[in-house]
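Structure data (CSV, C-alpha atoms and all ligand atoms) from query-v5.csv:
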```csv
chain,number,residue,atom,x,y,z
X,1,MET,CA,85.2,114.1,93.0
X,2,ARG,CA,88.7,114.9,94.0
X,3,SER,CA,89.2,118.7,94.6
X,4,LEU,CA,91.4,120.3,92.0
X,5,LEU,CA,93.4,121.8,94.8
X,6,GLN,CA,94.3,118.4,96.3
X,7,PRO,CA,97.4,117.2,94.4
X,8,ARG,CA,97.8,113.5,93.9
X,9,ILE,CA,100.8,112.8,96.2
X,10,SER,CA,102.6,109.5,96.7
X,11,LEU,CA,105.5,108.9,99.0
X,12,ARG,CA,108.6,106.7,98.6
X,13,GLU,CA,111.8,106.1,100.5
X,14,ALA,CA,114.8,108.1,99.1
X,15,THR,CA,118.1,106.5,98.2
X,16,PRO,CA,121.5,108.3,97.8
X,17,GLU,CA,120.6,108.5,94.1
X,18,ASP,CA,117.8,111.0,95.0
X,19,ALA,CA,120.3,113.4,96.6
X,20,ALA,CA,119.9,115.9,93.7
X,21,TYR,CA,116.1,116.0,94.1
X,22,LEU,CA,116.5,116.7,97.8
X,23,ALA,CA,119.1,119.4,97.3
X,24,ALA,CA,116.9,121.2,94.7
X,25,ILE,CA,113.9,121.2,97.0
X,26,HIS,CA,116.1,122.3,100.0
X,27,ARG,CA,117.6,125.1,97.9
X,28,GLY,CA,114.2,126.5,97.2
X,29,ALA,CA,113.2,126.5,100.8
X,30,PHE,CA,116.1,127.6,103.0
X,31,ARG,CA,118.6,130.5,103.1
X,32,HIS,CA,121.6,128.1,103.5
X,33,ALA,CA,121.3,125.4,100.9
X,34,TRP,CA,122.7,122.0,101.4
X,35,THR,CA,124.4,120.3,98.4
X,36,ASP,CA,123.8,117.1,96.6
X,37,GLY,CA,126.9,115.8,98.4
X,38,ASP,CA,125.5,116.8,101.8
X,39,PHE,CA,122.3,114.7,101.1
X,40,ALA,CA,124.2,111.8,99.7
X,41,SER,CA,126.3,111.7,102.8
X,42,PHE,CA,123.3,111.9,105.1
X,43,LEU,CA,121.6,109.1,103.3
X,44,SER,CA,124.6,106.8,103.6
X,45,GLN,CA,124.7,107.2,107.4
X,46,ARG,CA,123.3,104.5,109.6
X,47,GLY,CA,119.9,105.3,111.0
X,48,VAL,CA,119.2,108.2,108.5
X,49,SER,CA,116.2,107.9,106.2
X,50,ALA,CA,114.3,110.2,103.9
X,51,LEU,CA,110.9,110.1,102.3
X,52,ILE,CA,110.1,112.0,99.1
X,53,ALA,CA,106.7,113.1,98.0
X,54,PHE,CA,105.9,113.0,94.3
X,55,HIS,CA,103.0,114.8,92.7
X,56,THR,CA,101.4,113.0,89.7
X,57,GLY,CA,100.0,115.4,87.2
X,58,ARG,CA,96.9,115.0,85.0
X,59,PHE,CA,98.8,113.3,82.2
X,60,GLY,CA,100.7,111.0,84.5
X,61,SER,CA,104.0,113.0,84.7
X,62,THR,CA,105.5,113.1,88.2
X,63,ALA,CA,107.4,115.8,90.0
X,64,PRO,CA,109.1,115.9,93.4
X,65,ALA,CA,107.0,118.0,95.8
X,66,GLY,CA,108.8,117.7,99.1
X,67,PHE,CA,110.8,115.5,101.4
X,68,VAL,CA,111.5,114.8,105.1
X,69,LEU,CA,114.9,113.6,106.4
X,70,PHE,CA,115.0,111.9,109.8
X,71,ARG,CA,117.3,109.9,112.0
X,72,GLN,CA,116.8,107.1,114.5
X,73,ALA,CA,119.4,106.2,117.1
X,74,ALA,CA,118.3,103.4,119.5
X,75,ASP,CA,115.0,104.5,120.9
X,76,ASP,CA,115.4,108.2,120.2
X,77,SER,CA,114.8,110.0,116.8
X,78,GLU,CA,115.0,113.4,115.2
X,79,ILE,CA,113.6,115.3,112.2
X,80,ILE,CA,116.8,116.7,110.5
X,81,THR,CA,114.8,118.8,108.0
X,82,ILE,CA,111.6,118.9,106.0
X,83,ALA,CA,110.7,121.1,103.0
X,84,VAL,CA,107.9,121.3,100.5
X,85,ARG,CA,108.2,123.2,97.1
X,86,SER,CA,106.3,126.4,97.2
X,87,ALA,CA,103.9,125.3,94.4
X,88,TYR,CA,102.7,122.4,96.6
X,89,ARG,CA,102.5,124.1,100.0
X,90,ARG,CA,99.4,124.3,102.2
X,91,ARG,CA,97.9,121.1,100.6
X,92,GLY,CA,98.8,118.6,103.3
X,93,VAL,CA,102.2,117.4,101.7
X,94,ALA,CA,104.3,118.1,104.9
X,95,ARG,CA,101.6,116.5,107.1
X,96,LYS,CA,101.6,113.4,105.0
X,97,LEU,CA,105.4,113.2,105.0
X,98,MET,CA,105.5,113.7,108.8
X,99,GLU,CA,102.8,111.1,109.5
X,100,GLU,CA,104.6,108.5,107.4
X,101,ALA,CA,107.9,109.2,109.1
X,102,ILE,CA,106.2,108.9,112.5
X,103,ARG,CA,104.5,105.7,111.5
X,104,ARG,CA,107.9,104.2,110.4
X,105,LEU,CA,109.7,105.4,113.6
X,106,TYR,CA,107.0,104.0,115.8
X,107,HIS,CA,107.2,100.7,113.9
X,108,ASP,CA,111.0,100.7,114.5
X,109,ARG,CA,110.3,101.3,118.3
X,110,ALA,CA,111.5,104.9,118.6
X,111,ALA,CA,110.1,106.2,121.9
X,112,ALA,CA,110.4,109.9,121.1
X,113,LEU,CA,110.9,112.3,118.2
X,114,HIS,CA,112.7,115.6,118.5
X,115,LEU,CA,113.3,118.6,116.2
X,116,GLU,CA,114.6,122.1,116.2
X,117,VAL,CA,112.7,124.9,114.4
X,118,GLU,CA,113.3,128.6,114.1
X,119,ALA,CA,111.0,130.2,116.6
X,120,GLY,CA,109.6,132.7,114.0
X,121,ASN,CA,108.9,130.0,111.4
X,122,ALA,CA,105.1,130.0,111.9
X,123,PRO,CA,104.2,127.5,109.1
X,124,ALA,CA,106.6,124.9,110.6
X,125,VAL,CA,105.8,125.6,114.2
X,126,ASN,CA,102.1,125.3,113.4
X,127,LEU,CA,102.7,122.1,111.5
X,128,TYR,CA,104.5,120.5,114.4
X,129,ARG,CA,102.0,121.6,117.0
X,130,ARG,CA,99.2,120.2,114.9
X,131,LEU,CA,101.1,116.9,114.9
X,132,GLY,CA,101.2,116.8,118.6
X,133,PHE,CA,104.7,118.2,119.3
X,134,ALA,CA,105.3,120.2,122.4
X,135,GLU,CA,108.0,122.8,123.1
X,136,VAL,CA,110.6,121.5,125.5
X,137,GLY,CA,113.3,124.1,125.2
X,138,THR,CA,114.9,127.0,123.3
X,139,ARG,CA,118.3,127.5,121.9
X,140,PRO,CA,119.1,131.3,121.7
X,141,ALA,CA,121.0,132.5,118.6
X,142,TYR,CA,120.9,129.1,117.0
X,143,TYR,CA,120.2,130.1,113.4
X,144,THR,CA,121.7,132.9,111.2
X,145,GLY,CA,119.2,135.1,109.4
X,146,ASP,CA,119.5,137.0,106.1
X,147,ASP,CA,121.2,140.0,107.7
X,148,GLN,CA,123.5,137.8,109.9
X,149,ALA,CA,121.0,138.3,112.8
X,150,ARG,CA,121.1,135.4,115.2
X,151,LEU,CA,117.7,133.7,115.6
X,152,PRO,CA,116.4,131.5,118.3
X,153,ALA,CA,115.3,127.9,117.9
X,154,LEU,CA,112.5,126.0,119.6
X,155,VAL,CA,113.2,122.4,120.6
X,156,MET,CA,110.1,120.4,120.2
X,157,ARG,CA,109.3,116.8,121.2
X,158,ARG,CA,106.6,114.2,120.5
X,159,GLN,CA,106.3,111.0,122.5
X,160,LEU,CA,105.9,108.0,120.2
X,161,LEU,CA,105.7,105.0,122.4
C,1,LIG,C1,106.8,124.2,106.8
C,1,LIG,C2,106.4,123.5,105.5
C,1,LIG,C3,107.2,122.2,105.3
C,1,LIG,C4,104.9,123.1,105.5
C,1,LIG,O1,104.6,122.4,104.3
C,1,LIG,P1,103.1,122.3,103.8
C,1,LIG,O2,103.1,121.1,102.9
C,1,LIG,O3,102.7,123.6,103.2
C,1,LIG,O4,102.3,122.0,105.1
C,1,LIG,P2,100.8,121.3,105.2
C,1,LIG,O5,100.0,121.7,104.0
C,1,LIG,O6,101.0,119.8,105.4
C,1,LIG,O7,100.2,122.0,106.5
C,1,LIG,C5,100.0,121.3,107.7
C,1,LIG,C6,99.7,122.3,108.8
C,1,LIG,O8,100.9,123.1,109.0
C,1,LIG,C7,100.5,124.5,109.3
C,1,LIG,N1,100.9,125.4,108.2
C,1,LIG,C8,101.4,125.1,107.0
C,1,LIG,N2,101.7,126.2,106.3
C,1,LIG,C9,101.3,127.2,107.1
C,1,LIG,C10,101.3,128.6,106.9
C,1,LIG,N3,101.8,129.2,105.7
C,1,LIG,N4,100.8,129.4,107.8
C,1,LIG,C11,100.4,128.9,109.0
C,1,LIG,N5,100.3,127.5,109.3
C,1,LIG,C12,100.8,126.7,108.3
C,1,LIG,C13,99.0,124.4,109.4
C,1,LIG,O9,98.6,124.1,110.7
C,1,LIG,C14,98.6,123.3,108.4
C,1,LIG,O10,97.4,122.7,108.7
C,1,LIG,P3,96.0,123.3,108.0
C,1,LIG,O11,96.4,123.5,106.6
C,1,LIG,O12,95.0,122.2,108.3
C,1,LIG,O13,95.8,124.6,108.7
C,1,LIG,C15,106.7,124.4,104.2
C,1,LIG,O14,106.0,125.7,104.5
C,1,LIG,C16,108.1,124.6,103.9
C,1,LIG,O15,108.7,123.9,103.1
C,1,LIG,N6,108.7,125.7,104.5
C,1,LIG,C17,110.1,126.0,104.2
C,1,LIG,C18,111.1,125.0,104.8
C,1,LIG,C19,110.9,125.0,106.3
C,1,LIG,O16,110.7,126.0,107.0
C,1,LIG,N7,110.9,123.7,106.9
C,1,LIG,C20,110.8,123.5,108.3
C,1,LIG,C21,112.1,123.5,108.9
C,1,LIG,S1,112.1,123.2,110.7
```
Taking this structure as input, can you express it in the form of structure tokens?
Amino acid sequence: MRSLLQPRISLREATPEDAAYLAAIHRGAFRHAWTDGDFASFLSQRGVSALIAFHTGRFGSTAPAGFVLFRQAADDSEIITIAVRSAYRRRGVARKLMEEAIRRLYHDRAAALHLEVEAGNAPAVNLYRRLGFAEVGTRPAYYTGDDQARLPALVMRRQLL
């Protein structure tokens, strides 16, 4: 029997019409929210894709649970951002999104996948390590914290091909 803690999650590719969903999830997850327009603009760029995870409830209703936004340019690729709504966290949603993004990038012959993550963001750093990413550099004072403190980023990389 399916565990009650395991949400039923399905993924689909986002279109520019999904920009409001992505912005709402992003707003709940980051200090500096990106707008609907930011996401619509990303999704109209060449090489940029997003996957949205939807949760299906017991009576068939669906709700957006998270998304990943990524970009491929020739044989290189990057995760632009990923976020999961707090109600759905720690249930494998981000892992599922990342694995599908990696599967698609591999299929499209991306040789490597890069990302930047705030060094103190333990959930995200753990997620990426578990998915086989290694730290390849740091960027001091890359992010701005709540109190305007400058926070370092880790640059992480995973070989795909
Ligand atoms: C980071 C984030 C996307 C993870 O989403 P999630 O769906 O909860 O992650 P998953 O359930 O798929 O977890 C996969 C692995 O990530 C790590 N992880 C996730 N949440 C964690 C936490 N709170 N503490 C420690 N490790 C964590 C674990 O290794 C976990 O594997 P495990 O559950 O088998 O131990 C989510 O916490 C989030 O949206 N955070 C805010 C936005 C953000 O920081 N995005 C990353 C920007 S670079």
Sorted by chain and rising residue number, list the residues of chain X at most 8 Å from ligand LIG 1 (chain C) (counting all atoms listed in the file), each with its closest atom pair and distance in Å to one decimal, as JSON lines.
```
{"residue": "X:His26", "atom": "CA", "partner": "C:LIG1", "partner_atom": "C18", "distance": 7.4}
{"residue": "X:Ala29", "atom": "CA", "partner": "C:LIG1", "partner_atom": "C17", "distance": 4.6}
{"residue": "X:Phe30", "atom": "CA", "partner": "C:LIG1", "partner_atom": "C18", "distance": 5.9}
{"residue": "X:Gly66", "atom": "CA", "partner": "C:LIG1", "partner_atom": "O15", "distance": 7.4}
{"residue": "X:Thr81", "atom": "CA", "partner": "C:LIG1", "partner_atom": "C21", "distance": 5.5}
{"residue": "X:Ile82", "atom": "CA", "partner": "C:LIG1", "partner_atom": "N7", "distance": 4.9}
{"residue": "X:Ala83", "atom": "CA", "partner": "C:LIG1", "partner_atom": "O15", "distance": 3.4}
{"residue": "X:Val84", "atom": "CA", "partner": "C:LIG1", "partner_atom": "O15", "distance": 3.8}
{"residue": "X:Arg85", "atom": "CA", "partner": "C:LIG1", "partner_atom": "O15", "distance": 6.1}
{"residue": "X:Ser86", "atom": "CA", "partner": "C:LIG1", "partner_atom": "O15", "distance": 6.8}
{"residue": "X:Tyr88", "atom": "CA", "partner": "C:LIG1", "partner_atom": "O2", "distance": 6.4}
{"residue": "X:Arg89", "atom": "CA", "partner": "C:LIG1", "partner_atom": "O3", "distance": 3.2}
{"residue": "X:Arg90", "atom": "CA", "partner": "C:LIG1", "partner_atom": "O5", "distance": 3.2}
{"residue": "X:Arg91", "atom": "CA", "partner": "C:LIG1", "partner_atom": "O5", "distance": 4.0}
{"residue": "X:Gly92", "atom": "CA", "partner": "C:LIG1", "partner_atom": "O6", "distance": 3.3}
{"residue": "X:Val93", "atom": "CA", "partner": "C:LIG1", "partner_atom": "O2", "distance": 4.0}
{"residue": "X:Ala94", "atom": "CA", "partner": "C:LIG1", "partner_atom": "O6", "distance": 3.7}
{"residue": "X:Arg95", "atom": "CA", "partner": "C:LIG1", "partner_atom": "O6", "distance": 3.8}
{"residue": "X:Lys96", "atom": "CA", "partner": "C:LIG1", "partner_atom": "O6", "distance": 6.4}
{"residue": "X:Leu97", "atom": "CA", "partner": "C:LIG1", "partner_atom": "O6", "distance": 7.9}
{"residue": "X:Leu115", "atom": "CA", "partner": "C:LIG1", "partner_atom": "S1", "distance": 7.3}
{"residue": "X:Glu116", "atom": "CA", "partner": "C:LIG1", "partner_atom": "S1", "distance": 6.1}
{"residue": "X:Val117", "atom": "CA", "partner": "C:LIG1", "partner_atom": "S1", "distance": 4.1}
{"residue": "X:Glu118", "atom": "CA", "partner": "C:LIG1", "partner_atom": "S1", "distance": 6.5}
{"residue": "X:Asn121", "atom": "CA", "partner": "C:LIG1", "partner_atom": "O16", "distance": 6.2}
{"residue": "X:Ala122", "atom": "CA", "partner": "C:LIG1", "partner_atom": "C11", "distance": 5.6}
{"residue": "X:Pro123", "atom": "CA", "partner": "C:LIG1", "partner_atom": "C9", "distance": 3.5}
{"residue": "X:Ala124", "atom": "CA", "partner": "C:LIG1", "partner_atom": "C1", "distance": 3.9}
{"residue": "X:Val125", "atom": "CA", "partner": "C:LIG1", "partner_atom": "C7", "distance": 7.3}
{"residue": "X:Asn126", "atom": "CA", "partner": "C:LIG1", "partner_atom": "C7", "distance": 4.5}
{"residue": "X:Leu127", "atom": "CA", "partner": "C:LIG1", "partner_atom": "O8", "distance": 3.2}
{"residue": "X:Tyr128", "atom": "CA", "partner": "C:LIG1", "partner_atom": "O8", "distance": 7.0}
{"residue": "X:Arg129", "atom": "CA", "partner": "C:LIG1", "partner_atom": "O9", "distance": 7.6}
{"residue": "X:Arg130", "atom": "CA", "partner": "C:LIG1", "partner_atom": "O9", "distance": 5.8}
```
Per residue of region 50-111 of chain X within 10 Å of region 146-159 of chain X, note the shortest atom pair and the distance in Å to one decimal, counting all atoms listed in the file, and order the rows by chain and increasing residue number, as a Markdown table.
```
| residue | atom | partner | partner_atom | distance |
| --- | --- | --- | --- | --- |
| X:Asp76 | CA | X:Gln159 | CA | 9.8 |
| X:Ser77 | CA | X:Arg157 | CA | 9.8 |
| X:Glu78 | CA | X:Arg157 | CA | 8.9 |
| X:Ile102 | CA | X:Arg158 | CA | 9.6 |
| X:Tyr106 | CA | X:Gln159 | CA | 9.7 |
| X:Ala110 | CA | X:Gln159 | CA | 8.9 |
| X:Ala111 | CA | X:Gln159 | CA | 6.2 |
```
One decimal place gives the CA of Ala50 (chain X)-CA of Ala14 (chain X) separation as 5.3 Å
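Residue nearest Leu113 (chain X) within the list X:Arg71, X:Arg8, X:Arg46, X:Arg58: X:Arg71 [criterion: smallest interatomic distance, all atoms listed in the file].
Counting all atoms listed in the file, Ser41 (chain X) has the following residues at most 10 Å away, ignoring those fewer than 5 positions along the same chain: X:Pro16, X:Ala19, X:Thr35, X:Asp36, X:Val48.
Across the model, the gap from CA of Gly47 (chain X) to CA of Leu161 (chain X) is 18.2 Å.
If you measure from each of X:Pro140, X:Pro64, X:Gly120, X:Gly28 to Ile52 (chain X) using all atoms listed in the file, the closest one turns out to be X:Pro64.
With all atoms listed in the file as the atoms that count, the minimum distance from Ser49 (chain X) to the choices X:Asp75, X:Ala141, X:Phe133, X:Glu100 is reached by X:Glu100.
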